[in-house]
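Just data19.txt here, compact mmCIF, C-alpha atoms and all ligand atoms:
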```
# COMPACT_ATOMS: atom_id res chain seq x y z
CA MET A 100 0.00 0.00 0.00
CA THR A 101 1.26 3.45 -0.88
CA SER A 102 1.53 5.76 2.09
CA LEU A 103 0.41 9.34 2.05
CA ASP A 104 3.99 10.36 2.78
CA LYS A 105 5.20 8.63 -0.33
CA VAL A 106 2.54 10.31 -2.46
CA LYS A 107 3.52 13.65 -0.98
CA GLN A 108 7.22 13.09 -1.56
CA ARG A 109 6.59 12.13 -5.14
CA ALA A 110 4.50 15.24 -5.78
CA GLU A 111 7.07 17.48 -4.11
CA PHE A 112 9.87 15.95 -6.12
CA ASP A 113 7.94 16.33 -9.32
CA ALA A 114 6.99 19.93 -8.57
CA LYS A 115 10.60 20.81 -7.89
CA ALA A 116 11.85 19.12 -11.02
CA HIS A 117 9.50 21.25 -13.14
CA GLY A 118 9.73 24.51 -11.24
CA TYR A 119 6.19 24.21 -9.87
CA TYR A 120 4.82 24.45 -6.36
CA LEU A 121 2.19 22.41 -4.57
CA ASN A 122 -1.10 24.00 -3.56
CA PRO A 123 -0.38 26.51 -0.80
CA ASP A 124 -3.49 25.58 1.21
CA PRO A 125 -2.43 22.69 3.48
CA GLU A 126 -5.94 21.26 3.89
CA PHE A 127 -6.72 21.40 0.17
CA LEU A 128 -3.35 19.83 -0.60
CA LEU A 129 -3.88 17.04 1.87
CA ASN A 130 -7.26 16.21 0.32
CA LEU A 131 -5.70 15.90 -3.12
CA LEU A 132 -2.80 13.79 -1.92
CA GLU A 133 -5.23 11.54 -0.11
CA GLY A 134 -7.25 11.31 -3.35
CA LEU A 135 -4.14 10.26 -5.26
CA ARG A 136 -3.34 7.69 -2.62
CA LYS A 137 -6.85 6.30 -2.77
CA ASN A 138 -6.76 6.07 -6.56
CA GLU A 139 -3.41 4.34 -6.54
CA GLU A 140 -4.79 1.85 -4.07
CA ARG A 141 -7.93 1.07 -6.01
CA TYR A 142 -6.69 1.35 -9.61
CA GLY A 143 -3.01 0.50 -9.24
CA TYR A 144 -1.88 3.94 -10.46
CA PRO A 145 -2.40 7.46 -9.17
CA SER A 146 -5.06 8.74 -11.53
CA CYS A 147 -6.22 12.33 -11.25
CA PRO A 148 -8.30 12.88 -8.11
CA CYS A 149 -10.62 15.32 -9.93
CA ARG A 150 -11.44 13.16 -12.90
CA MET A 151 -13.38 9.98 -13.35
CA ALA A 152 -11.09 7.01 -13.94
CA THR A 153 -12.09 3.62 -15.27
CA GLY A 154 -9.42 1.43 -13.74
CA GLU A 155 -8.37 0.49 -17.28
CA PHE A 156 -4.83 1.72 -17.71
CA GLU A 157 -5.09 2.36 -21.44
CA VAL A 158 -8.18 4.51 -21.06
CA ASP A 159 -6.85 6.41 -18.05
CA ARG A 160 -3.31 6.84 -19.29
CA ASP A 161 -3.63 10.56 -20.02
CA ILE A 162 -4.95 11.34 -16.53
CA ILE A 163 -2.32 9.55 -14.48
CA CYS A 164 -0.75 12.20 -12.29
CA PRO A 165 1.03 14.25 -13.49
CA CYS A 166 -1.46 14.19 -16.33
CA ASP A 167 -0.89 15.15 -19.97
CA TYR A 168 -2.74 18.40 -19.37
CA ARG A 169 -0.75 19.70 -16.44
CA ASP A 170 1.95 21.62 -18.25
CA PRO A 171 -0.28 23.53 -20.66
CA ASP A 172 -2.73 24.23 -17.82
CA VAL A 173 -0.07 25.58 -15.49
CA GLU A 174 1.25 27.66 -18.34
CA GLU A 175 -2.14 29.08 -19.25
CA HIS A 176 -3.92 29.25 -15.90
CA GLY A 177 -1.15 29.09 -13.33
CA THR A 178 -2.49 25.82 -11.98
CA CYS A 179 -3.27 22.26 -13.03
CA TYR A 180 -6.91 21.18 -13.25
CA CYS A 181 -6.98 19.91 -9.66
CA CYS A 182 -4.91 22.80 -8.31
CA LEU A 183 -2.28 20.40 -7.04
CA PHE A 184 0.56 21.89 -9.07
CA VAL A 185 0.71 25.67 -9.34
CA ASP A 186 3.20 28.20 -10.65
CA SER A 187 5.10 30.66 -8.50
CA GLY A 188 2.58 33.47 -9.06
CA THR A 189 -0.37 31.38 -7.94
CA TYR A 190 1.63 30.03 -5.03
CA ALA A 191 2.52 33.51 -3.85
CA SER A 192 -1.03 34.81 -4.19
CA LYS A 193 -2.35 31.84 -2.17
CA GLU A 194 -5.48 32.03 -4.32
CA THR A 195 -6.54 29.13 -6.47
CA SER A 196 -9.79 28.76 -8.35
CA PRO A 197 -11.21 26.10 -10.67
CA ILE A 198 -10.09 26.14 -14.31
CA PRO A 199 -11.74 24.67 -17.42
CA GLU A 200 -11.20 21.03 -18.41
CA ARG A 201 -8.70 20.48 -21.20
CA ARG A 202 -9.17 16.73 -21.53
CA PRO A 203 -11.05 16.09 -24.79
CA MET A 204 -14.73 15.29 -24.44
CA GLU A 205 -14.54 11.91 -26.12
CA LYS A 206 -11.97 10.78 -23.58
CA GLN A 207 -14.15 12.01 -20.75
CA LEU A 208 -17.16 10.16 -22.11
CA ARG A 209 -15.19 6.97 -22.46
CA ALA A 210 -14.59 7.08 -18.72
CA TYR A 211 -18.33 6.68 -18.25
CA GLY A 212 -18.66 3.84 -20.69
CA ILE A 213 -20.20 6.18 -23.26
CA ALA A 214 -18.21 5.85 -26.48
CA GLY A 215 -16.99 9.07 -28.01
CA GLU A 216 -17.85 9.59 -31.65
CA GLY A 217 -15.51 8.02 -34.15
CA GLN A 218 -13.05 6.94 -31.52
CA PRO A 219 -11.26 3.67 -31.85
CA GLU A 220 -12.19 1.06 -29.30
CA LEU A 221 -9.31 0.88 -26.90
CA LYS A 222 -9.98 -2.44 -25.27
CA GLN A 223 -7.09 -4.67 -26.10
CA GLU A 224 -4.81 -7.29 -24.78
CA PRO A 225 -2.17 -5.67 -22.60
CA SER A 226 1.44 -5.35 -23.67
CA SER A 227 0.97 -6.73 -27.12
CA MET A 228 2.51 -4.43 -29.70
CA LEU A 229 0.76 -6.30 -32.41
CA MET A 230 -2.63 -5.55 -30.94
CA ASN A 231 -1.90 -1.84 -30.99
CA ILE A 232 -1.78 -1.69 -34.74
CA GLY A 233 -5.01 -0.23 -36.03
CA THR A 234 -5.89 1.68 -32.86
CA GLY A 235 -4.68 4.95 -34.28
CA ARG A 236 -1.35 5.08 -32.50
CA LYS A 237 1.75 6.39 -34.16
CA ILE A 238 5.41 6.42 -33.40
CA LEU A 239 6.27 10.03 -32.71
CA TYR A 240 9.60 11.55 -31.90
CA CYS A 241 10.75 14.85 -30.49
CA LYS A 242 12.80 16.65 -33.10
CA GLN A 243 14.75 18.41 -30.40
CA CYS A 244 15.94 15.55 -28.21
CA GLY A 245 14.87 12.39 -29.96
CA TYR A 246 12.42 11.18 -27.31
CA VAL A 247 10.08 8.62 -28.84
CA VAL A 248 6.48 7.84 -27.93
CA PHE A 249 3.91 5.44 -29.28
CA ARG A 250 0.49 6.98 -28.84
CA GLU A 251 -2.39 8.69 -30.65
CA GLU A 252 -1.22 12.25 -30.10
CA PRO A 253 2.10 13.84 -29.24
CA PRO A 254 2.40 15.07 -25.64
CA TYR A 255 1.73 18.75 -25.07
CA VAL A 256 5.29 19.16 -23.92
CA CYS A 257 8.22 16.81 -24.33
CA PRO A 258 8.77 15.28 -20.89
CA ILE A 259 12.52 15.13 -21.50
CA CYS A 260 13.53 18.44 -23.04
CA ARG A 261 10.32 20.50 -22.60
CA ALA A 262 9.99 21.16 -26.31
CA LYS A 263 6.47 22.09 -27.38
CA ARG A 264 4.08 19.68 -29.06
CA GLU A 265 4.84 21.14 -32.48
CA MET A 266 8.36 19.72 -32.23
CA PHE A 267 6.99 16.18 -32.50
CA ALA A 268 6.95 14.43 -35.83
CA GLU A 269 5.77 11.03 -36.89
CA VAL A 270 8.27 8.32 -37.65
CA LYS A 271 7.16 6.97 -40.98
CA ALA A 272 8.67 3.56 -40.99
CA ARG A 273 7.35 0.23 -41.96
CA LEU A 274 7.30 -2.04 -38.98
CA PHE A 275 7.57 -5.76 -39.07
CA PHE A 276 6.50 -7.75 -36.10
CA SER A 277 7.47 -11.26 -35.56
CA THR A 278 5.05 -13.44 -33.69
CA GLY A 279 7.78 -15.95 -32.92
CA SER A 280 7.38 -19.63 -33.42
CA MET B 60 -27.52 5.72 -3.61
CA THR B 61 -27.36 9.37 -2.70
CA PRO B 62 -26.43 9.90 0.93
CA LYS B 63 -28.24 12.80 2.57
CA VAL B 64 -26.56 15.30 4.83
CA ALA B 65 -29.01 16.89 7.24
CA GLY B 66 -29.05 20.63 7.75
CA GLU B 67 -31.37 23.32 9.07
CA ASN B 68 -31.58 25.05 5.70
CA SER B 69 -33.75 22.63 3.84
CA ASP B 70 -36.00 24.94 1.80
CA HIS B 71 -34.30 23.90 -1.41
CA ARG B 72 -33.49 20.46 -2.70
CA VAL B 73 -29.77 20.48 -3.25
CA VAL B 74 -28.12 17.61 -5.08
CA LEU B 75 -24.38 17.39 -5.70
CA TYR B 76 -22.53 15.28 -8.23
CA THR B 77 -19.05 14.78 -6.92
CA LEU B 78 -16.01 12.55 -6.78
CA SER B 79 -14.92 11.28 -3.39
CA THR B 80 -11.34 12.33 -4.16
CA CYS B 81 -11.63 15.80 -5.66
CA GLY B 82 -10.54 18.91 -3.82
CA TRP B 83 -13.24 21.30 -5.06
CA CYS B 84 -15.91 18.72 -4.24
CA LYS B 85 -14.72 18.56 -0.64
CA ARG B 86 -14.69 22.36 -0.55
CA THR B 87 -18.25 22.48 -1.78
CA LYS B 88 -19.48 19.96 0.76
CA GLN B 89 -17.67 21.89 3.48
CA PHE B 90 -19.23 25.12 2.27
CA LEU B 91 -22.74 23.64 2.49
CA ASN B 92 -21.97 22.18 5.90
CA ASP B 93 -20.78 25.57 7.11
CA TYR B 94 -24.04 27.14 5.94
CA ASN B 95 -25.98 24.30 7.48
CA VAL B 96 -27.62 23.39 4.18
CA GLU B 97 -29.33 20.05 3.73
CA TYR B 98 -28.12 18.23 0.63
CA GLU B 99 -27.76 14.92 -1.11
CA TYR B 100 -24.66 13.91 -2.95
CA LEU B 101 -23.57 11.23 -5.34
CA ASP B 102 -19.87 10.41 -5.47
CA LEU B 103 -19.68 9.11 -9.02
CA ASP B 104 -16.45 7.19 -8.50
CA THR B 105 -18.06 4.98 -5.90
CA ALA B 106 -21.53 4.91 -7.49
CA THR B 107 -22.89 2.01 -9.54
CA SER B 108 -22.34 2.22 -13.29
CA GLN B 109 -26.08 2.70 -13.74
CA GLU B 110 -26.11 5.71 -11.40
CA ARG B 111 -23.08 7.08 -13.13
CA ILE B 112 -24.55 6.84 -16.60
CA GLU B 113 -27.82 8.40 -15.43
CA ALA B 114 -25.94 11.29 -13.88
CA ILE B 115 -23.90 11.90 -17.02
CA GLN B 116 -26.96 11.70 -19.23
CA PHE B 117 -28.65 14.25 -17.00
CA LEU B 118 -25.69 16.61 -17.31
CA GLN B 119 -25.57 16.15 -21.05
CA GLU B 120 -29.28 16.82 -21.39
CA LYS B 121 -28.82 20.03 -19.47
CA ASN B 122 -25.75 20.92 -21.51
CA VAL B 123 -23.54 21.06 -18.46
CA PRO B 124 -19.85 20.31 -18.94
CA ILE B 125 -18.74 17.15 -17.19
CA GLY B 126 -16.62 18.22 -14.26
CA PHE B 127 -16.89 18.13 -10.54
CA PRO B 128 -18.66 19.25 -8.50
CA VAL B 129 -22.01 19.96 -10.12
CA ILE B 130 -24.61 21.49 -7.83
CA VAL B 131 -28.27 21.17 -8.75
CA VAL B 132 -30.72 23.33 -6.83
CA ASP B 133 -34.39 22.36 -7.07
CA GLY B 134 -33.68 20.44 -10.24
CA GLU B 135 -33.31 23.69 -12.17
CA THR B 136 -30.40 25.84 -11.22
CA ILE B 137 -27.21 24.08 -12.15
CA ILE B 138 -23.85 25.33 -11.04
CA SER B 139 -20.78 23.60 -12.35
CA GLY B 140 -17.63 23.92 -10.33
CA TYR B 141 -17.10 25.42 -6.93
CA LYS B 142 -18.63 28.89 -7.15
CA PRO B 143 -19.59 30.01 -3.65
CA ASP B 144 -21.29 33.22 -4.78
CA LYS B 145 -23.49 31.40 -7.24
CA ILE B 146 -24.39 28.78 -4.64
CA LYS B 147 -25.35 31.48 -2.18
CA GLU B 148 -27.44 33.25 -4.78
CA ALA B 149 -29.25 30.05 -5.73
CA LEU B 150 -30.01 29.36 -2.07
CA GLY B 151 -31.11 32.90 -1.35
CA PHE B 152 -28.35 33.75 1.14
S1 LIG A 301 -4.82 17.81 -12.86
FE1 LIG A 301 -3.12 18.00 -11.42
S2 LIG A 301 -3.58 16.51 -9.82
FE2 LIG A 301 -4.87 16.01 -11.56
S3 LIG A 301 -3.61 14.50 -12.64
FE3 LIG A 301 -3.19 16.48 -13.57
S4 LIG A 301 -1.38 17.14 -12.51
FE4 LIG A 301 -2.23 15.53 -11.25
```
Spell out the structure here as structure tokens.
Amino acid sequence: MTSLDKVKQRAEFDAKAHGYYLNPDPEFLLNLLEGLRKNEERYGYPSCPCRMATGEFEVDRDIICPCDYRDPDVEEHGTCYCCLFVDSGTYASKETSPIPERRPMEKQLRAYGIAGEGQPELKQEPSSMLMNIGTGRKILYCKQCGYVVFREEPPYVCPICRAKREMFAEVKARLFFSTGS
Amino acid sequence: MTPKVAGENSDHRVVLYTLSTCGWCKRTKQFLNDYNVEYEYLDLDTATSQERIEAIQFLQEKNVPIGFPVIVVDGETIISGYKPDKIKEALGF
């Protein structure tokens, strides 16, 4: 079981690494950390405390904390959606308020078992590369540092070198998979 | 199942859609407790899938963005997100 201390340490470490701060209100912060702890316990990963998770890793991947939306949200609003991570200005003002949801609607709906329009069905056998073909994922690389991801969309910000989404390009290569004998 | 929290201010029927883990949801519940408002709430993350779908369909019908908390006063006034001034206004405080 993950302890609250561990969740806190992880968040603090992550905030520091990115130049962010944690919510300045101790009670609010504690609630969020407790939410992350609870989600990690029930789903096996710390999904966002303010969003509905399904418990299916592939569907929840973008909302595992720190979520895909954190960096652009902190940049635009001075805080992430949950107000766990904030920038220095928000931290100093000690004022946080709710911000709009950036997660696309079809992904939100999928969390409720309502399929988004035209979205590929994501249910698949875990860890099988072969099964991923045809689900709309691409191999994308960061033109600045070479970081490679295999997913539908490039990240908003490169997690390695902080380059913006526009720096990502698709690797157009023909892939051969061997199923072994 | 929507648990009910008793309060002296029970003139309006107040229903909350929340997540058990979200910070603004806790804030909202605390706010209503402080004002001694009676309310019901449904934590969607611990609700049954049927309850969850019904709640989301309701929000979609009313054109309310999915996000937590959502506060419904007398089935009509819908406030999405923690907005203390709007809650007060809807409750006549
Ligand atoms: S919104 Fe904040 S708390 Fe929620 S997953 Fe993203 S970074 Fe974590």
Between CA of Arg201 in chain A and CA of Cys149 in chain A lies a distance of 12.5 Å
Need to verify the contact set: Val131 in chain B, 10 Å, all atoms listed in the file, exclusion of same-chain residues closer than 2 positions in sequence. Can you return it as a PDB file with C-alpha atoms, in the coordinates of the input?
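Contents of out_5.pdb, as written:
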```pdb
ATOM      1  CA  HIS B  71     -34.300  23.900  -1.410  1.00  0.00           C
ATOM      2  CA  ARG B  72     -33.490  20.460  -2.700  1.00  0.00           C
ATOM      3  CA  VAL B  73     -29.770  20.480  -3.250  1.00  0.00           C
ATOM      4  CA  VAL B  74     -28.120  17.610  -5.080  1.00  0.00           C
ATOM      5  CA  LEU B  75     -24.380  17.390  -5.700  1.00  0.00           C
ATOM      6  CA  TYR B  76     -22.530  15.280  -8.230  1.00  0.00           C
ATOM      7  CA  TYR B  98     -28.120  18.230   0.630  1.00  0.00           C
ATOM      8  CA  GLU B  99     -27.760  14.920  -1.110  1.00  0.00           C
ATOM      9  CA  TYR B 100     -24.660  13.910  -2.950  1.00  0.00           C
ATOM     10  CA  PRO B 128     -18.660  19.250  -8.500  1.00  0.00           C
ATOM     11  CA  VAL B 129     -22.010  19.960 -10.120  1.00  0.00           C
ATOM     12  CA  ASP B 133     -34.390  22.360  -7.070  1.00  0.00           C
ATOM     13  CA  GLY B 134     -33.680  20.440 -10.240  1.00  0.00           C
ATOM     14  CA  GLU B 135     -33.310  23.690 -12.170  1.00  0.00           C
ATOM     15  CA  THR B 136     -30.400  25.840 -11.220  1.00  0.00           C
ATOM     16  CA  ILE B 137     -27.210  24.080 -12.150  1.00  0.00           C
ATOM     17  CA  ILE B 138     -23.850  25.330 -11.040  1.00  0.00           C
ATOM     18  CA  SER B 139     -20.780  23.600 -12.350  1.00  0.00           C
ATOM     19  CA  ILE B 146     -24.390  28.780  -4.640  1.00  0.00           C
ATOM     20  CA  ALA B 149     -29.250  30.050  -5.730  1.00  0.00           C
TER      21      ALA B 149
END
```
Within 10 Å of ligand LIG 301 (chain A), counting all atoms listed in the file, residues as number ranges by chain
A: 110, 113-114, 121, 128, 131-132, 134-135, 145-150, 161-170, 172-173, 178-185, 198, 200-202; B: 81-82
If you count all atoms listed in the file, the residue of B:Lys147, B:Lys63, B:Lys121, B:Arg86 closest to chain A turns out to be B:Arg86
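Coordinates place CA of Lys137 in chain A at a distance of 27.6 Å from CA of Val256 in chain A.
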Suppose you want the space between CA of Asp186 in chain A and CA of Tyr120 in chain A; what is it in Å?
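These two atoms are separated by 5.9 Å.
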Quick one: which residues from chain B are at most 10 Å off chain A, using only C-alpha atoms, as a PyMOL selection string?
chain B and resi 77-86+103-104+108-109+111-112+114-116+124-128+140-142
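Between Asn95 in chain B and the residues B:Asn122, B:Thr61, B:Thr107, B:Asn68, the shortest atom-to-atom distance, using all atoms listed in the file, involves B:Asn68.
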From the list B:Ala106, B:Val123, B:Val132, B:Leu150, the nearest residue to Tyr94 in chain B using only C-alpha atoms is B:Leu150
Using only C-alpha atoms, which of the listed residues (B:Glu120, B:Lys88, B:Ala65, B:Asp144) sits closest to Asp102 in chain B?
B:Lys88
8 Å contact set for range 264-270 of chain A, all atoms listed in the file, chain neighbours under 3 positions out, as a list of chain:residue names:
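Non-adjacent residues within range: A:Lys237, A:Ile238, A:Leu239, A:Tyr240, A:Cys241, A:Lys242, A:Gln243, A:Pro253, A:Pro254, A:Tyr255, A:Val256, A:Cys257.
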Can you write out the residues you just picked, keeping C-alpha atoms, as a CSV table (one decimal), in the coordinates of the input?
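Output file again.csv is given in full below:
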```
chain,number,residue,atom,x,y,z
A,237,LYS,CA,1.8,6.4,-34.2
A,238,ILE,CA,5.4,6.4,-33.4
A,239,LEU,CA,6.3,10.0,-32.7
A,240,TYR,CA,9.6,11.6,-31.9
A,241,CYS,CA,10.8,14.8,-30.5
A,242,LYS,CA,12.8,16.6,-33.1
A,243,GLN,CA,14.8,18.4,-30.4
A,253,PRO,CA,2.1,13.8,-29.2
A,254,PRO,CA,2.4,15.1,-25.6
A,255,TYR,CA,1.7,18.8,-25.1
A,256,VAL,CA,5.3,19.2,-23.9
A,257,CYS,CA,8.2,16.8,-24.3
```
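When all atoms listed in the file are used to measure the gap to Asp93 in chain B, the shortest distance among B:Phe117, B:Gly151, B:Glu110, B:Gly66 belongs to B:Gly66.
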Which residue is closest to Leu103 in chain A? Choose from A:Asn122, A:Tyr246, A:Lys193, A:Glu139 and count all atoms listed in the file.
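Of A:Asn122, A:Tyr246, A:Lys193, A:Glu139, the one nearest Leu103 in chain A, counting all atoms listed in the file, is A:Glu139.
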